[in-house]
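K.L.:
My structure file target.cif, mmCIF, C-alpha atoms, pLDDT in the B column; chains and numbers go by the auth columns, is below:
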```cif
data_query
#
loop_
_atom_site.group_PDB
_atom_site.id
_atom_site.type_symbol
_atom_site.label_atom_id
_atom_site.label_comp_id
_atom_site.label_asym_id
_atom_site.label_seq_id
_atom_site.Cartn_x
_atom_site.Cartn_y
_atom_site.Cartn_z
_atom_site.B_iso_or_equiv
_atom_site.auth_seq_id
_atom_site.auth_asym_id
ATOM 1 C CA MET A 1 -11.584 6.625 -6.903 81.00 1 R
ATOM 2 C CA PRO A 2 -9.041 5.595 -9.544 89.00 2 R
ATOM 3 C CA PRO A 3 -6.746 2.650 -8.752 96.00 3 R
ATOM 4 C CA ILE A 4 -3.565 3.055 -6.706 98.00 4 R
ATOM 5 C CA ALA A 5 -0.546 0.749 -7.112 98.00 5 R
ATOM 6 C CA VAL A 6 1.243 -0.226 -3.883 98.00 6 R
ATOM 7 C CA ILE A 7 4.797 -1.392 -4.586 98.00 7 R
ATOM 8 C CA ASP A 8 7.645 -3.049 -2.718 98.00 8 R
ATOM 9 C CA PHE A 9 11.158 -3.971 -3.882 98.00 9 R
ATOM 10 C CA GLU A 10 13.713 -6.320 -2.426 97.00 10 R
ATOM 11 C CA THR A 11 17.211 -5.300 -3.475 98.00 11 R
ATOM 12 C CA THR A 12 20.918 -6.047 -3.180 97.00 12 R
ATOM 13 C CA GLY A 13 21.586 -2.812 -1.276 96.00 13 R
ATOM 14 C CA ILE A 14 20.405 0.610 -0.214 95.00 14 R
ATOM 15 C CA SER A 15 20.640 2.758 -3.325 95.00 15 R
ATOM 16 C CA PRO A 16 20.723 2.263 -7.117 97.00 16 R
ATOM 17 C CA GLY A 17 23.081 5.241 -7.145 94.00 17 R
ATOM 18 C CA GLN A 18 25.591 3.031 -5.326 94.00 18 R
ATOM 19 C CA GLY A 19 25.113 0.144 -7.759 95.00 19 R
ATOM 20 C CA ALA A 20 22.364 -1.765 -5.937 97.00 20 R
ATOM 21 C CA ARG A 21 19.852 -3.640 -8.091 98.00 21 R
ATOM 22 C CA ALA A 22 16.378 -5.033 -7.513 98.00 22 R
ATOM 23 C CA THR A 23 16.013 -8.744 -6.761 98.00 23 R
ATOM 24 C CA GLU A 24 12.204 -8.881 -6.457 98.00 24 R
ATOM 25 C CA VAL A 25 9.239 -6.602 -7.099 98.00 25 R
ATOM 26 C CA ALA A 26 5.615 -6.884 -6.042 98.00 26 R
ATOM 27 C CA ILE A 27 2.723 -4.551 -6.809 98.00 27 R
ATOM 28 C CA VAL A 28 -0.755 -4.647 -5.291 98.00 28 R
ATOM 29 C CA LEU A 29 -3.466 -2.769 -7.188 98.00 29 R
ATOM 30 C CA MET A 30 -6.062 -1.119 -4.947 97.00 30 R
ATOM 31 C CA GLU A 31 -9.493 0.265 -5.810 94.00 31 R
ATOM 32 C CA ASN A 32 -11.743 1.788 -3.148 90.00 32 R
ATOM 33 C CA GLY A 33 -9.718 0.195 -0.380 90.00 33 R
ATOM 34 C CA GLN A 34 -9.848 -3.292 -1.896 93.00 34 R
ATOM 35 C CA VAL A 35 -7.140 -5.381 -3.558 95.00 35 R
ATOM 36 C CA VAL A 36 -8.164 -6.018 -7.163 97.00 36 R
ATOM 37 C CA ASP A 37 -4.954 -7.476 -8.645 98.00 37 R
ATOM 38 C CA ARG A 38 -1.368 -8.458 -7.807 98.00 38 R
ATOM 39 C CA PHE A 39 1.959 -8.675 -9.638 98.00 39 R
ATOM 40 C CA GLN A 40 5.115 -10.341 -8.297 98.00 40 R
ATOM 41 C CA SER A 41 8.388 -11.524 -9.783 98.00 41 R
ATOM 42 C CA LEU A 42 11.975 -12.249 -8.870 98.00 42 R
ATOM 43 C CA ILE A 43 14.387 -10.311 -11.078 98.00 43 R
ATOM 44 C CA LYS A 44 17.582 -11.449 -12.781 98.00 44 R
ATOM 45 C CA THR A 45 20.042 -8.566 -13.088 98.00 45 R
ATOM 46 C CA GLY A 46 23.404 -10.330 -12.847 96.00 46 R
ATOM 47 C CA ALA A 47 24.121 -8.428 -9.611 97.00 47 R
ATOM 48 C CA TRP A 48 25.508 -10.465 -6.718 97.00 48 R
ATOM 49 C CA ILE A 49 23.342 -10.753 -3.604 97.00 49 R
ATOM 50 C CA PRO A 50 25.411 -10.369 -0.409 96.00 50 R
ATOM 51 C CA PRO A 51 24.953 -13.078 2.245 97.00 51 R
ATOM 52 C CA PHE A 52 23.389 -10.675 4.759 95.00 52 R
ATOM 53 C CA ILE A 53 20.701 -9.770 2.197 96.00 53 R
ATOM 54 C CA THR A 54 19.985 -13.468 1.606 96.00 54 R
ATOM 55 C CA GLN A 55 19.744 -13.937 5.364 94.00 55 R
ATOM 56 C CA LEU A 56 17.282 -11.031 5.594 92.00 56 R
ATOM 57 C CA THR A 57 15.083 -11.852 2.603 94.00 57 R
ATOM 58 C CA GLY A 58 15.652 -15.530 1.877 94.00 58 R
ATOM 59 C CA ILE A 59 16.386 -14.621 -1.749 96.00 59 R
ATOM 60 C CA THR A 60 19.476 -16.424 -3.047 97.00 60 R
ATOM 61 C CA ASN A 61 21.696 -15.886 -6.070 98.00 61 R
ATOM 62 C CA ALA A 62 20.434 -19.182 -7.489 98.00 62 R
ATOM 63 C CA MET A 63 16.821 -17.987 -7.214 97.00 63 R
ATOM 64 C CA VAL A 64 17.417 -14.802 -9.193 98.00 64 R
ATOM 65 C CA ASP A 65 19.609 -16.594 -11.729 97.00 65 R
ATOM 66 C CA ALA A 66 16.536 -18.642 -12.626 98.00 66 R
ATOM 67 C CA ALA A 67 14.244 -15.586 -12.771 98.00 67 R
ATOM 68 C CA PRO A 68 13.202 -13.517 -15.808 98.00 68 R
ATOM 69 C CA ASP A 69 15.613 -10.760 -16.797 98.00 69 R
ATOM 70 C CA ALA A 70 15.110 -7.262 -15.424 98.00 70 R
ATOM 71 C CA THR A 71 14.031 -5.712 -18.744 98.00 71 R
ATOM 72 C CA THR A 72 11.221 -8.244 -19.129 98.00 72 R
ATOM 73 C CA VAL A 73 10.065 -7.943 -15.518 98.00 73 R
ATOM 74 C CA MET A 74 10.053 -4.155 -15.514 98.00 74 R
ATOM 75 C CA ALA A 75 8.215 -3.982 -18.828 97.00 75 R
ATOM 76 C CA ASP A 76 5.558 -6.281 -17.384 98.00 76 R
ATOM 77 C CA ALA A 77 5.450 -4.253 -14.158 98.00 77 R
ATOM 78 C CA ALA A 78 5.042 -0.988 -16.061 98.00 78 R
ATOM 79 C CA ARG A 79 2.174 -2.447 -18.089 97.00 79 R
ATOM 80 C CA PHE A 80 0.559 -3.712 -14.877 98.00 80 R
ATOM 81 C CA VAL A 81 0.733 -0.291 -13.202 98.00 81 R
ATOM 82 C CA GLY A 82 -0.287 1.671 -16.282 97.00 82 R
ATOM 83 C CA ASP A 83 -0.806 5.285 -15.264 95.00 83 R
ATOM 84 C CA ALA A 84 -1.903 4.534 -11.699 97.00 84 R
ATOM 85 C CA PRO A 85 -0.257 6.665 -9.008 98.00 85 R
ATOM 86 C CA MET A 86 1.897 4.722 -6.580 98.00 86 R
ATOM 87 C CA VAL A 87 2.344 4.194 -2.856 98.00 87 R
ATOM 88 C CA ALA A 88 5.163 2.549 -0.910 98.00 88 R
ATOM 89 C CA HIS A 89 6.223 2.216 2.691 98.00 89 R
ATOM 90 C CA ASN A 90 9.344 4.397 2.654 97.00 90 R
ATOM 91 C CA ALA A 91 8.695 5.619 -0.875 98.00 91 R
ATOM 92 C CA ALA A 92 12.056 7.406 -1.017 97.00 92 R
ATOM 93 C CA PHE A 93 13.610 3.934 -1.279 97.00 93 R
ATOM 94 C CA ASP A 94 11.186 2.162 -3.628 98.00 94 R
ATOM 95 C CA SER A 95 10.661 5.107 -5.978 98.00 95 R
ATOM 96 C CA LYS A 96 14.411 5.279 -6.673 98.00 96 R
ATOM 97 C CA PHE A 97 14.512 1.608 -7.654 98.00 97 R
ATOM 98 C CA TRP A 98 11.324 1.959 -9.724 98.00 98 R
ATOM 99 C CA GLN A 99 12.849 4.836 -11.659 98.00 99 R
ATOM 100 C CA ALA A 100 16.303 3.270 -11.978 98.00 100 R
ATOM 101 C CA GLU A 101 15.124 -0.153 -13.126 98.00 101 R
ATOM 102 C CA LEU A 102 12.636 1.352 -15.589 98.00 102 R
ATOM 103 C CA ALA A 103 15.362 3.623 -16.952 98.00 103 R
ATOM 104 C CA ARG A 104 17.543 0.561 -17.552 96.00 104 R
ATOM 105 C CA ALA A 105 14.590 -0.975 -19.402 96.00 105 R
ATOM 106 C CA ASP A 106 14.290 2.246 -21.450 96.00 106 R
ATOM 107 C CA ARG A 107 10.849 3.041 -20.049 96.00 107 R
ATOM 108 C CA PRO A 108 9.533 6.249 -18.478 95.00 108 R
ATOM 109 C CA ALA A 109 8.624 6.436 -14.781 95.00 109 R
ATOM 110 C CA PRO A 110 6.297 9.441 -14.436 95.00 110 R
ATOM 111 C CA HIS A 111 4.298 7.966 -11.558 96.00 111 R
ATOM 112 C CA PRO A 112 3.792 10.150 -8.467 97.00 112 R
ATOM 113 C CA PHE A 113 4.493 8.432 -5.148 98.00 113 R
ATOM 114 C CA ALA A 114 2.871 8.736 -1.741 98.00 114 R
ATOM 115 C CA CYS A 115 4.600 7.325 1.333 98.00 115 R
ATOM 116 C CA THR A 116 2.856 5.436 4.136 98.00 116 R
ATOM 117 C CA VAL A 117 5.768 6.199 6.495 98.00 117 R
ATOM 118 C CA LEU A 118 5.290 9.947 6.108 98.00 118 R
ATOM 119 C CA LEU A 119 1.513 9.587 6.242 98.00 119 R
ATOM 120 C CA SER A 120 1.703 7.498 9.403 98.00 120 R
ATOM 121 C CA ARG A 121 3.868 10.108 11.118 97.00 121 R
ATOM 122 C CA ARG A 122 1.183 12.703 10.459 97.00 122 R
ATOM 123 C CA LEU A 123 -1.965 10.630 10.995 97.00 123 R
ATOM 124 C CA TYR A 124 -0.750 8.393 13.855 97.00 124 R
ATOM 125 C CA PRO A 125 1.902 10.394 15.742 96.00 125 R
ATOM 126 C CA HIS A 126 1.412 8.237 18.854 96.00 126 R
ATOM 127 C CA ALA A 127 2.226 4.927 17.119 97.00 127 R
ATOM 128 C CA PRO A 128 5.148 3.172 18.873 96.00 128 R
ATOM 129 C CA SER A 129 7.137 3.369 15.624 97.00 129 R
ATOM 130 C CA HIS A 130 6.452 3.780 11.944 97.00 130 R
ATOM 131 C CA LYS A 131 8.015 0.547 10.762 96.00 131 R
ATOM 132 C CA LEU A 132 5.651 -1.474 8.603 95.00 132 R
ATOM 133 C CA GLY A 133 5.363 -4.478 10.929 93.00 133 R
ATOM 134 C CA THR A 134 4.847 -2.282 13.972 95.00 134 R
ATOM 135 C CA LEU A 135 2.082 -0.304 12.244 97.00 135 R
ATOM 136 C CA VAL A 136 0.385 -3.479 11.054 96.00 136 R
ATOM 137 C CA ASP A 137 0.310 -4.750 14.648 95.00 137 R
ATOM 138 C CA PHE A 138 -0.683 -1.316 16.014 96.00 138 R
ATOM 139 C CA HIS A 139 -3.775 -1.274 13.786 97.00 139 R
ATOM 140 C CA GLY A 140 -4.569 -4.965 14.226 96.00 140 R
ATOM 141 C CA LEU A 141 -4.053 -5.678 10.526 95.00 141 R
ATOM 142 C CA PRO A 142 -3.178 -9.174 9.276 89.00 142 R
ATOM 143 C CA ARG A 143 0.450 -10.088 8.668 86.00 143 R
ATOM 144 C CA THR A 144 0.786 -11.730 5.261 77.00 144 R
ATOM 145 C CA GLY A 145 3.550 -14.139 4.296 73.00 145 R
ATOM 146 C CA GLN A 146 7.226 -13.706 5.069 71.00 146 R
ATOM 147 C CA ALA A 147 8.501 -10.260 6.039 70.00 147 R
ATOM 148 C CA HIS A 148 11.182 -8.847 3.736 78.00 148 R
ATOM 149 C CA ARG A 149 9.643 -10.562 0.737 92.00 149 R
ATOM 150 C CA ALA A 150 8.142 -8.148 -1.751 95.00 150 R
ATOM 151 C CA LEU A 151 4.596 -9.484 -2.003 95.00 151 R
ATOM 152 C CA ALA A 152 4.112 -9.874 1.755 94.00 152 R
ATOM 153 C CA ASP A 153 5.370 -6.348 2.381 95.00 153 R
ATOM 154 C CA ALA A 154 3.305 -4.889 -0.482 96.00 154 R
ATOM 155 C CA GLU A 155 0.190 -6.631 0.855 96.00 155 R
ATOM 156 C CA MET A 156 0.780 -5.211 4.343 96.00 156 R
ATOM 157 C CA ALA A 157 1.464 -1.731 2.961 97.00 157 R
ATOM 158 C CA ALA A 158 -1.757 -1.979 0.946 97.00 158 R
ATOM 159 C CA ALA A 159 -3.702 -2.954 4.071 97.00 159 R
ATOM 160 C CA LEU A 160 -2.148 0.000 5.898 98.00 160 R
ATOM 161 C CA LEU A 161 -3.101 2.332 3.039 98.00 161 R
ATOM 162 C CA ALA A 162 -6.684 1.052 3.150 97.00 162 R
ATOM 163 C CA ARG A 163 -6.784 1.687 6.908 97.00 163 R
ATOM 164 C CA MET A 164 -5.483 5.218 6.387 98.00 164 R
ATOM 165 C CA GLN A 165 -8.113 5.957 3.752 97.00 165 R
ATOM 166 C CA HIS A 166 -10.807 4.493 6.027 97.00 166 R
ATOM 167 C CA ASP A 167 -9.649 6.656 8.942 97.00 167 R
ATOM 168 C CA LEU A 168 -9.494 9.759 6.756 97.00 168 R
ATOM 169 C CA ARG A 169 -13.151 9.163 5.906 96.00 169 R
ATOM 170 C CA THR A 170 -14.436 8.189 9.355 96.00 170 R
ATOM 171 C CA ARG A 171 -12.204 10.130 11.781 95.00 171 R
ATOM 172 C CA TRP A 172 -11.445 13.225 9.749 95.00 172 R
ATOM 173 C CA GLY A 173 -14.563 13.372 7.553 95.00 173 R
ATOM 174 C CA VAL A 174 -12.701 13.389 4.234 96.00 174 R
ATOM 175 C CA GLY A 175 -15.069 12.427 1.451 90.00 175 R
ATOM 176 C CA GLU A 176 -12.476 11.188 -1.041 90.00 176 R
ATOM 177 C CA PRO A 177 -8.991 10.414 0.339 95.00 177 R
ATOM 178 C CA SER A 178 -7.386 10.513 -3.100 96.00 178 R
ATOM 179 C CA HIS A 179 -3.737 9.972 -3.941 97.00 179 R
ATOM 180 C CA ALA A 180 -3.365 13.724 -4.467 97.00 180 R
ATOM 181 C CA LEU A 181 -4.675 14.361 -0.943 97.00 181 R
ATOM 182 C CA LEU A 182 -2.283 11.748 0.473 98.00 182 R
ATOM 183 C CA GLN A 183 0.593 13.660 -1.108 98.00 183 R
ATOM 184 C CA LEU A 184 -0.642 16.915 0.436 97.00 184 R
ATOM 185 C CA VAL A 185 -0.915 15.320 3.870 98.00 185 R
ATOM 186 C CA GLN A 186 2.566 13.801 3.784 97.00 186 R
ATOM 187 C CA ARG A 187 4.102 17.155 2.842 97.00 187 R
ATOM 188 C CA CYS A 188 2.118 19.084 5.440 96.00 188 R
ATOM 189 C CA ALA A 189 3.818 20.246 8.637 95.00 189 R
ATOM 190 C CA LYS A 190 2.528 18.064 11.479 92.00 190 R
ATOM 191 C CA PRO A 191 0.832 20.874 13.439 94.00 191 R
ATOM 192 C CA LYS A 192 -1.136 21.892 10.325 96.00 192 R
ATOM 193 C CA VAL A 193 -2.457 18.432 9.349 96.00 193 R
ATOM 194 C CA GLY A 194 -5.751 18.902 11.197 94.00 194 R
ATOM 195 C CA ALA A 195 -6.422 22.198 9.448 95.00 195 R
ATOM 196 C CA LEU A 196 -5.576 20.696 6.045 96.00 196 R
ATOM 197 C CA LEU A 197 -7.949 17.768 6.585 96.00 197 R
ATOM 198 C CA ALA A 198 -10.680 20.083 7.827 94.00 198 R
ATOM 199 C CA GLN A 199 -10.486 21.871 4.469 93.00 199 R
ATOM 200 C CA HIS A 200 -11.214 18.560 2.712 93.00 200 R
ATOM 201 C CA ALA A 201 -13.904 17.336 5.102 92.00 201 R
ATOM 202 C CA VAL A 202 -17.415 16.795 3.799 83.00 202 R
ATOM 203 C CA ALA A 203 -19.737 19.479 5.125 62.00 203 R
#
```
Using the file provided, produce a representation of the structure as structure tokens.
P.N.:
Amino acid sequence: MPPIAVIDFETTGISPGQGARATEVAIVLMENGQVVDRFQSLIKTGAWIPPFITQLTGITNAMVDAAPDATTVMADAARFVGDAPMVAHNAAFDSKFWQAELARADRPAPHPFACTVLLSRRLYPHAPSHKLGTLVDFHGLPRTGQAHRALADAEMAAALLARMQHDLRTRWGVGEPSHALLQLVQRCAKPKVGALLAQHAVA
């Protein structure tokens, strides 16, 4: 299967539409369920990081002041991703920052996103919750680094994606759990997921 880029942002707030900016980005490139490359950088935007965000992430204003500027980081990130489709845990959040920061860098953001939150709700409806840390523990996956730092969260989301693709193959008989299939599953009404996967099962 072609590579998939798993991304995570740390930010100053909830939405770029409300003026929030990225403070850190990490991308994990996956091929056939394996990590093949990683990209990570703090981002200097000039935006102020509120104290509660620093408390959550450990990222300080001094740290981002010493980081590369956003245009440089996003250009490098776009080159790293290339035309790979993307995945994030809560993609509604990360895709907005990906698009907004690339727009500020005058670069296109055509990449389709799949969401491991939506996928988890359909594939693992009995999980205690669909938060990233809870799902990592639920599946017995390794926790990597400090939570609420971009690379650690991207690594855990990548491990969760790999587990989902493995389960689609072994539990549901799907021959190739492609990014396009992940998008179909996440949009599918929960009662119809089994029927959708049966259509893609290897005979």
K.L.:
Of the candidates R:Gly175, R:Pro3, R:Pro85, R:Pro51, which one gets nearest to R:Ala114 if we count all atoms listed in the file?
P.N.:
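Result for the nearest residue to R:Ala114: R:Pro85.
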K.L.:
Run the PyMOL selection byres ((chain R and resi 17) around 12) against the file shown and list the residues it catches, as a ChimeraX atom specification.
P.N.:
/R:13-16,18-21,93,96-97,99-101
K.L.:
Listed atoms of stretch 41-59 of chain R, axis-aligned box, 5 Å per side: centre and edge lengths to one decimal in Å, as lines of an AutoDock Vina configuration file?
P.N.:
```
center_x = 16.9
center_y = -12.0
center_z = -3.7
size_x = 27.1
size_y = 17.1
size_z = 28.7
```
K.L.:
Which of these, R:Thr170, R:Gln165, R:Gln186, R:Ser129, has the shortest distance to R:Met1 once you count all atoms listed in the file?
P.N.:
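Closest residue, counting all atoms listed in the file: R:Gln165.
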K.L.:
List the neighbours of R:Val25 out to 9 Å using all atoms listed in the file; skip same-chain residues closer than 6 positions along the sequence, and give me the result as a PyMOL selection string.
P.N.:
chain R and resi 7-11+39-43+73-74+77+149-151
K.L.:
Quick one: everything within 12 Å of R:Leu56, counting all atoms listed in the file, minus sequence neighbours fewer than 2 positions away in the same chain. Send it as a VMD selection string.
P.N.:
chain R and resid 10 to 13 49 to 54 58 to 60 146 to 149
K.L.:
Please evaluate the PyMOL selection byres ((chain R and resi 122) around 10) against the displayed coordinates and give the resulting residues as number ranges by chain.
P.N.:
R: 116-121, 123-126, 185-194
K.L.:
Name every residue that the PyMOL selection byres ((chain R and resi 70) around 9) selects in this structure, writing the answer as a list of chain:residue names with chains first and numbers rising.
P.N.:
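Output of the PyMOL selection byres ((chain R and resi 70) around 9): R:Ala22, R:Thr23, R:Leu42, R:Ile43, R:Lys44, R:Thr45, R:Ala67, R:Pro68, R:Asp69, R:Thr71, R:Thr72, R:Val73, R:Met74, R:Ala75, R:Glu101, R:Leu102, R:Arg104, R:Ala105.
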K.L.:
Since we have the selection now, will you write its residues out, keeping C-alpha atoms, as an mmCIF file, in the frame of the given file?
P.N.:
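Writing the result to again_37.cif gives the following:
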```
data_model
loop_
_atom_site.group_PDB
_atom_site.id
_atom_site.type_symbol
_atom_site.label_atom_id
_atom_site.label_comp_id
_atom_site.auth_asym_id
_atom_site.auth_seq_id
_atom_site.Cartn_x
_atom_site.Cartn_y
_atom_site.Cartn_z
ATOM 1 C CA ALA R 22 16.378 -5.033 -7.513
ATOM 2 C CA THR R 23 16.013 -8.744 -6.761
ATOM 3 C CA LEU R 42 11.975 -12.249 -8.870
ATOM 4 C CA ILE R 43 14.387 -10.311 -11.078
ATOM 5 C CA LYS R 44 17.582 -11.449 -12.781
ATOM 6 C CA THR R 45 20.042 -8.566 -13.088
ATOM 7 C CA ALA R 67 14.244 -15.586 -12.771
ATOM 8 C CA PRO R 68 13.202 -13.517 -15.808
ATOM 9 C CA ASP R 69 15.613 -10.760 -16.797
ATOM 10 C CA THR R 71 14.031 -5.712 -18.744
ATOM 11 C CA THR R 72 11.221 -8.244 -19.129
ATOM 12 C CA VAL R 73 10.065 -7.943 -15.518
ATOM 13 C CA MET R 74 10.053 -4.155 -15.514
ATOM 14 C CA ALA R 75 8.215 -3.982 -18.828
ATOM 15 C CA GLU R 101 15.124 -0.153 -13.126
ATOM 16 C CA LEU R 102 12.636 1.352 -15.589
ATOM 17 C CA ARG R 104 17.543 0.561 -17.552
ATOM 18 C CA ALA R 105 14.590 -0.975 -19.402
#
```
K.L.:
Do a neighbour search on R:Ser178 at 12 Å with all atoms listed in the file, toss out local chain neighbours closer than 5 positions, and write the hits as a ChimeraX atom specification.
P.N.:
/R:1-4,30-33,84-87,114,161-162,164-166,168-169,183-185,200
K.L.:
Can you work out which one of R:Asp76, R:Ala157, R:Gly82, R:Val36 has the shortest atom-to-atom distance to R:Pro142, counting only C-alpha atoms?
P.N.:
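Nearest candidate to R:Pro142 out of R:Asp76, R:Ala157, R:Gly82, R:Val36: R:Ala157.
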K.L.:
For a test of reading the model, state the distance in Å between atom CA of R:Val28 and atom CA of R:Ala5, rounded to one decimal.
P.N.:
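That distance, rounded to one decimal, is 5.7 Å.
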K.L.:
Could you work out how far atom CA of R:Pro108 lies from atom CA of R:Leu29, giving the answer in Å with one decimal?
P.N.:
19.4 Å
